[in-house]
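For reference, the structure is listed below as structure tokens.
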Amino acid sequence: MTSETLILLSLLAPTVGALLVSLTGSAPNLRESISTLATLVTFGAVAPLTPRVLAGQRPRLDVMEVLPGVDLAFEVEPLGMLYALVASGLWIITSLYAIGYMRGHNEQNQTRFFVCFALAISAALGIAFSANLFTLFLFYEVLTFSTFPLVTHHGTEKAKQAGRIYLGILVTTSVCFLLLAVVWTFQLTGSLEFRPGGILAGKASGSTLTALMVLYAFGAGKAALMPFHRWLPNAMVAPTPVSALLHAVAVVKAGVFTILKVIVYVFGIETIAAGGHSDWLMWVASGTLLLASLVAITQDNLKARLAYSTISQLSYIVLGGALATAEGVLGGGMHIVMHAVGKITLFFCAGAIYVAAHKTEISTMNGLARRMPFTMTAFTIGSLSIIGLPPFGGTWGKWYLGLGAARGDNHLFIFVLMLSSLLSIGYLMPVVLRAFFRPPDPESNSHHGEHADEDSGSQHASHKGGRHEGIQEAPLLCVGPLCAAAVGCLVLFFTSDQILQLLLPITTGAR
Amino acid sequence: MSTFGLWHYWVVIVLMMIGLYTVIARDNLVKKVMGLNLFQVSVIMFYVSMGKVEGGTAPIIPEQASGPVVYSNPLPHVLMLTAIVVGIATTAMALSLVVRIRETYGTTEEDEIRKLDRAEHE
Amino acid sequence: MIELFPDLPVGYLVMLGALLIPVVPRRLVGPYMLALPVLGLVQLWSLPLGHTVDLSLAGLEIQPTRVDRLSRIFGTIFHMAALLGALYALHVKDRLQHVAALVYAGSAIAAAFAGDLISLFINWELTAISSVFLIWARRTERAYTVGLRYLVIQVLSGVLLLAGAISWYAETGSLAFERMELSGIGSWLIFLSFGIKAAFPFLHNWLQDAYPEATVTGTVFLSAFTTKLAIYALCRGFAGTELLIPIGATMTAFPIFFAVIENDMRRVLAYSLNNQLGYMVVGIGIGTEMSINGTAAHAFAHIIYKALLFMSMGAVLHRVGTIKAAELGGLYKSMPLTTVFCMIGALAISAFPFLSGFVSKSMIMTAAADEHYTITFVVLLFASAGVCDHSGIKIPFFTFFAHDSGKRCKEAPINMLLAMGTAAALCVLIGIFPDYLYALLPHDVAYNAYTVTHVVTQLQLLMFAGLAFGVMMRAGIYPPELNAVNIDFDWTYRRAIPALWSQLRTGLVVADQTFRRDYLARTASLLVSGSRETYSPKGRMGEPWATGPSSLIAAVLLGAFLLLYYF
Amino acid sequence: MTLHLPAIAILLPLLSAPICVAVRHALVTRLLTVAVGWGSLAVSGELLRQALSGAPIHYELGGFAPPLGIEYVIDTTTGYVLVIVSTIAAVVFSFGATTRGAALPAGREHLYYGAMLLCLAGLLGMTITGDAFNVFVFLEISSLSSYALIGLGQDRRAPVAAFSYLIMGTIGGTFFLLGIGFLYQATGTLNMADMAERLASLHRSRTVHVAFGFLTVGLSLKLAVFPLHQWLPNAYARAPAVISAFLSATATKVMYYVLVRMIFTIFGATFVFGKMGMDMALVPLSLGAMFVGSLAAIFQTDLKRLLAYSSVAQIGYMTLGLSFNSVNGLTGGLAHLFNHALMKGGLFLAVACLVYRVGSSRLDDLAGLGKCMPITSAAFVTGGLALIGVPATVGFISKWYLVLAALETGQYLFAGLILLSSLLAVAYVLRVVEVLYFKAPKSPDVREAPVSLLLPTWILIGATVVFGLRTELTAGLARSAAMQLLGAGS
């Protein structure tokens with residue numbers, strides 16, 4: 001198949017899938033088969049593009065000229081390829097997981113859920129493949145609006161309020177800042193194309209560029225830079241598959257992806273590094289990174305904690321871009337993948353815990369690993385990857401980010417990254433600790449004594465495991481995907497070379 | 001020309017002000033219509049006076065045309081025929097609406113109508 | 001000789017093998033656990049010196065294994081420690097502990113063979129992650145918090161290493177783990193990272209904090225790997241760095257005071273561990289062939305006798321349920337074998353002639369004397385006496401003799417006794433035949449520990465230490481063993497910083513909430529209610545005006561326009 | 001035939017109206033109206049094509065040469081507006097339930113159709129004529145018929161709204177008439193082209209200044225520029241939804257066109273902006289409209305009035321585009337003319353569908369209809385997205401040009417304010433979406449609207465998306481129109 005066909009197919013497959021799903025809403029099995037089929041077709045269309053991009057091709061699809069100089073066009077370049085692979089690849093397992101979750105939980109409005117979900121993926125792929133700022137902005141907004149019904153899915157007052165905040169912040173930032181920046185860029189350069197080396201170089205004064213940088217950075221509200229981060233914790237009222245794929249992968253990555261893409265292809269790394277236009281952004285990103293980690297420690301709701309963790313991790317990527325060095329951008333791109341897989345594991349686990357044990361608060365998760373060993377093992381692996389410990393993927397993102405900071409003579413930000421790693425231990429490991437080592441709460445287990453001695457403790461463990469209802473995992477369609485995601489964390493550690501090969505061309509010309 | 005030389009303009013302005021004031025200040029819908037009429041009439045007066053040329057005759061070509069004849073500009077007068085029609089149509093329309101309002105609300109006072117609307121709204 | 005698994009990095013056999021423990025049939029767990037370190041050791045010795053394993057990962061050339069003499073001696077002793085520990089832990093049913101312990105051992109071994117900073121970092125972090133499970137497995141409330149604290153500090157060391165490696169790479173373009181100068185920011189970060197794991201003064205508290213809280217068997221593992229890995233890393237990276245001499249000297253001296261007054265016997269051992277590390281650090285700082293040899297030898301000997309001591313104390317804890325000096329005493333009747341083994345360990349750590357401590361510690365002392373570090377030498381001498389006092393005498397005395405606590409229990413389980421016996425035998429063997437140990441050392445040595453002066457001096461020193469202990473006990477001025485928590489530098493992070501943090505957090509939370517509630521929320525609600533008042537269908541702007549005012553505004557606007565245009 | 005097309009464009013609806021009244025048969029008049037609607041569209045399209053292919057068309061009505069005779073002039077701008085108006089007319093006339101919601105006794109529908117056709121004739125006439133007084137005449141034709149149409153509403157408040165509109169509209173129309181009178185006094189002609197020629201040397205004349213004042217205020221009243229918009233919300237809210245769709249999509253648009261003509265063709269941009277400082281007045285009023293209109297829309301409880309207030313805001317965008325006095329600004333304004341006609345027409349038709357089934361446009365009565373009437377609700381949501389200005393809808397195109405114009409002229413603040421005000425649209429659209437989708441339905445057995453209603457609705461709504469992507473017909477034309485206007489004016 002030609003690359004054009006593949007691009008078109010990858011964009012249309014989810015949309016057509018959504019259409020078919022909406023028509024087959026009354027037959028759940030058929031509906032979910034179609035939904036799953038759409039995920040496979042989509043990934044099947046995205047994946048074959050990878051070797052072509054690796055070989056240096058830049059497949060392009062021009063759809064139409066909307067306004068003079070403003071085109072609806074797609075072009076596959078490494079960064080977008082990576083994002084598309086992540087989004088479409090993880091969609092497959094999320095789709096399976098969602099079936100298990102939604103059924104296991106008897107959710108309402110499942111058809112609307114699957115339709116919006118597919119549309120959101122389509123939008124994410126549109127963002128990934130966009131050839132210019134207009135196309136990117138178009139799909140960015142489509143993504144916002146298609147995920148809104150998912151956030152308000154439950155229709156409760158709380159969900160509606162969350163939906164208002166969600167839409168409010170995302171639309172406000174995108175319209176007031178991002179669109180303004182896009183039009184401004186167009187006014188300055190007469191072009192919106194993403195071009196290696198950037199289009200803004202020499203077209204505007206330094207202060208204008210810095211102002212544009214501000215608009216872009218905050219305009220990509222999906223990147224959840226403080227103080228425009230509040231939508232993300234609020235979005236957690238959505239069903240867990242939504243949080244997992246969209247609010248840990250597709251939506252938030254769309255934000256940081258936009259920032260990276262703008263830095264690389266609109267400003268040009270060179271221009272930014274020479275003019276120091278992103279110096280302020282390093283501080284904002286660092287502040288967000290640390291503050292969000294601190295807030296995460298105080299959250300008792302697991303999903304809220306993960307949401308704040310996401311905010312913190314996103315700022316890694318923004319920081320990578322802001323460093324304006326080749327390594328920083330590489331690290332940012334890599335961290336998109338690493339964090340996506342790690343965080344989706346964690347969210348899957350959170351959802352599985354909710355489905356199987358109906359627990360949302362961390363303080364109630366004592367001894368959960370005895371009931372849900374697979375889930376909690378996966379959670380541990382995901383946590384370690386997020387913290388950035390070997391042998392899990394998260395290590396490499398952090399390595400290149402740190403290297404980017406060192407190369408740009410911004411050693412301070414290495415410490416920020418490292419400090420944040422420590423803080424992430426502080427908010428992730430207690431969950432692991434509770435689940436594996438603390439005895440289950442008395443309410444779920446009638447009596448237990450103080451067992452200070454470790455031997456009786458261990459016997460106690462096995463004994464208790466036997467007496468407790470035994471293993472009570474979530475449905476297979478939940479546990480399977482989450483284990484797959486956990487394995488992914490491990491695999492990524494060893495396959496990061498390929499990611500690097502893919503990404504390397506984007507930094508040519510940078511120092 | 002002195003200020004008073006343009007007395008017809010003053011008439012126009014006074015008429016217009018009276019009309020507008022009536023529209024603004026009166027609550028009765030019929031009175032408003034009357035004010036509106038006055039207002040329109042003032043404009044017709046304005047046009048008619050504008051077309052009048054001092055000492056001019058009616059714009060009819062005399063049978064024994066001997067040299068230039070001073071006659072009033074006929075165009076504004078012609079235009080006003082249309083304007084008068086418009087005015088009549090407007091008045092008729094307005095009054096028919098008032099009739100319908102009166103039928104449903106039982107009053108032609110605007111403030112009372114608004115009060116009734118608001119009460120129904122709540 | 002046939003090379004066994006030449007492509008598998010050293011240490012990974014144990015590490016990966018450990019991951020299979022959960023699926024090994026129950027009866028085979030014991031043999032399997034013992035086989036792993038043995039196999040690992042065989043693999044190590046089948047590989048020639050200079051053997052490397054090279055990989056490319058994430059665009060970086062890395063070298064997970066590089067066999068040379070320095071790494072080989074550390075690798076050997078790590079394998080032996082793993083074997084001893086596994087033997088000692090055979091009775092434990094909790095497989096999670098087994099997995100953690102052997103992954104921990106394996107990663108420590110692998111770290112000792114890391115040829116580049118990345119693989120060092122990877123294994124460095126793996127030791128941190130896996131070891132914390134040995135603490136948490138104690139399953140006490142205190143162990144949870146301690147474990148978390150321990151993990152944070154260990155990972156801190158890891159991320160400092162990562163940061164250092166990044167900076168080092170950015171500065172030099174090389175990732176090879178070789179000797180480095182304390183010049184750029186990179187090497188300083190790496191130094192600091194090693195320093196944390198080596199328990200440098202003021203960076204040491206995690207050690208005394210965590211080790212006594214681990215499980216009985218876990219502490220044995222912990223005592224063997226983490227700190228000695230740091231010693232290895234310092235040996236590799238910073239040999240001859242003069243700064244290490246004062247650091248090491250301080251390390252030998254100050255823990256004595258804490259050890260003397262400490263009540264928890266395992267914590268006493270943790271302090272003495274710190275003190276022993278001091279010798280090695282000094283040895284590294286001196287940096288001569290002799291001193292490096294001494295350090296390696298001391299690490300080797302130390303791992304064995306410290307493990308032995310922790311094992312014996314563990315056996316007591318296992319049987320009696322407490323390890324507080326104040327609650328112990330007179331146990332020699334119940335646990336005679338344990339008492340003997342403990343005595344051997346205690347004498348070894350006190351560097352009693354014909355035991356392992358003597359042959360290794362003296363190398364460092366000699367090296368110090370040779371290089372004319374007089375003050376350091378004196379400090380080391382004083383510390384030797386101190387060690388003798390708290391580890392050599394206090395530990396066995398208060399546990400097994402002293403006033404009878406009345407506690408009676410069974411002798412330790414057979415596998416523990418076996419492990420202790422093996423360790424004790426090794427102590428004696430090394431003490432009597434030091435040449436076998438010397439043959440393993442990184443550099444060739446021509447050293448004889450058993451000169452007359454040396455033996456006599458050491459004996460005198462030990463006598464005086466014993467005398468002092470006796471006199472002080474008689475006179476009743478020896479610090480009593482009280483159930484009290486001693487305040488160390490860790491007060492700052494266990495009390496002061498948390499207190500500060502909670503103050504700060506409360507402040508931040510209050511400020512944040514005030515800002516949100518009193519400012520943001522109020523402004524928002526004012527805005528909303530204000531707009532609602534104005535723009536709702538009942539408000540001024542939300543409902544169309546009557547025709548009167550509407551016409552008025554038209555007239556006013558016209559007037560304004562006309563005035564504006566007219567003038 | 002083609003020679004007389006300009007006259008046919010007007011005569012077609014104008015003569016059909018009395019025929020309707022004469023025939024008095026519901027179905028026949030209905031079909032006639034639909035046919036006239038589409039016929040007008042065909043004629044307008046042809047006229048636009050001709051205007052584009054060559055010089056502006058000049059047509060002397062009845063063969064009398066200007067300045068005495070009345071001249072019809074069709075240039076790009078005219079053709080563009082003609083097409084807009086007749087498109088909306090064709091679609092709305094085709095809407096199935098035209099007389100539903102109107103308080104007509106059976107057998108009197110022909111009057112309704114007659115009024116519609118008259119209104120159309122007036123609107124087309126205003127656009128096409130090149131004679132200033134003729135504009136007034138057509139203005140009154142369309143106004144009078146729209147008063148009647150609004151007054152037809154079943155709602156008992158409809159006559160009140162129509163009456164208010166009548167008062168304000170008449171005042172506006174009379175101001176306009178007075179303004180023309182002053183201009184005639186100053187120039188001695190009623191032909192716009194001649195006027196423009198003669199005014200060029202009369203920039204300092206006070207008569208001209210006063211004429212300008214009366215004309216602007218008069219037109220602003222009819223255009224519902226803030227704060228002269230008070231008649232609009234109730235007029236649109238009380239009229240039958242179809243009427244609202246037609247009027248909101250055409251009436252104010254044509255008035256905007258007349259304003260543009262007056263500024264750029266008659267007075268000239270130099271005079272209006274340079275001498276009179278029109279932008280100084282227009283900018284604050286436009287901003288006021290954008291914010292007050294949107295804010296008021298947020299808090300409305302009636303869907304039609306919500307849309308009406310949103311129209312007030314949208315008119316603000318158009319006048320703001322005008323005030324920039326630049327190609328991009330005027331392009332934005334003119335493009336928004338078309339775009340807003342499509343979205344508001346479509347949205348009001350969607351409301352008409354809802355009202356057709358539920359009988360009320362109060363938000364409380366529309367709860368949960370997203371499930372019962374999915375196609376209608378989807379149409380409303382799509383139209384709402386266009387109102388917000390989401391890319392790939394027409395709203396985005398207008399916003400793009402407006403912001404571009406603001407940035408071009410260095411007015412960064414306005415650029416921000418334009419974007420900020422479009423956020424308010426998010427708020428009021430979101431409110432409706434929440435009501436439609438996230439509330440329990442009041443009566444779950446409501447059925448979807450019939451196809452004859454959905455089809456016209458979706459034609460307009462679909463067009464908002466199509467023209468959001470294919471913009472040669474909208475923004476492209478608007479741009480060439482703007483260039484023609486500015487080129488002619490300066």
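Ligands are numbered from 1 in the order shown, chains are lettered A, B, ... in the order of the structure tokens, and residues start at 1 in each chain.
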
Can I get the residues of chain C within 8 Å of chain A, each with the closest pair of atoms and their distance in Å to one decimal, using only C-alpha atoms, sorted chain first then ascending number, as CSV?
```
residue,atom,partner,partner_atom,distance
C:Ser56,CA,A:Asp497,CA,7.9
C:Leu57,CA,A:Asp497,CA,5.9
C:Ala58,CA,A:Asp497,CA,4.1
C:Gly59,CA,A:Asp497,CA,5.4
C:Val92,CA,A:Asp455,CA,6.8
C:Lys93,CA,A:Ser458,CA,6.7
C:Asp94,CA,A:Ser458,CA,5.3
C:Ile122,CA,A:Pro390,CA,5.3
C:Asn123,CA,A:Pro390,CA,7.8
C:Glu125,CA,A:Leu389,CA,6.5
C:Leu126,CA,A:Pro390,CA,6.9
C:Trp136,CA,A:Phe437,CA,6.7
C:Ala137,CA,A:Phe437,CA,6.7
C:Arg138,CA,A:Glu454,CA,4.8
C:Arg139,CA,A:Phe437,CA,6.0
C:Thr140,CA,A:Ala452,CA,5.6
C:Tyr144,CA,A:Leu433,CA,7.3
C:Leu148,CA,A:Pro430,CA,7.7
C:Val152,CA,A:Leu422,CA,6.0
C:Val155,CA,A:Leu422,CA,6.9
C:Leu156,CA,A:Leu422,CA,6.5
C:Val159,CA,A:Met418,CA,5.6
C:Leu160,CA,A:Met418,CA,7.2
C:Leu162,CA,A:Trp399,CA,7.4
C:Ala163,CA,A:Ile414,CA,6.2
C:Ile166,CA,A:Leu403,CA,5.3
C:Ser167,CA,A:Ala406,CA,5.6
C:Tyr169,CA,A:Leu403,CA,7.9
C:Ala170,CA,A:Arg407,CA,5.9
C:Thr215,CA,A:Glu454,CA,6.0
C:Val216,CA,A:Glu454,CA,7.5
C:His318,CA,A:Asp453,CA,7.8
C:Gly321,CA,A:Asp453,CA,7.0
```

Would you kindly return, as a ChimeraX atom specification, each protein, DNA or RNA residue with an atom no farther than 10 Å from any atom of range 33-39 of chain B, considering only C-alpha atoms and excluding same-chain residues fewer than 4 positions away? /B:12-26,28-29,43-44,87-88,90-92,94-95,98 /D:163,166-168,170-171,174-175

Could you check how far CA of Leu223 in chain D sits from CA of Gly173 in chain D, in Å to one decimal?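 Result for CA of Leu223 in chain D versus CA of Gly173 in chain D: 11.0 Å, one decimal.
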
Nearby residues (only C-alpha atoms) at most 12 Å from Asp117 in chain B, same-chain spacing under 2 positions excluded, as a PyMOL selection string: (chain B and resi 101+104-105+110-115+119-122) or (chain C and resi 537-538+543) or (chain D and resi 155-158+160-161+234)
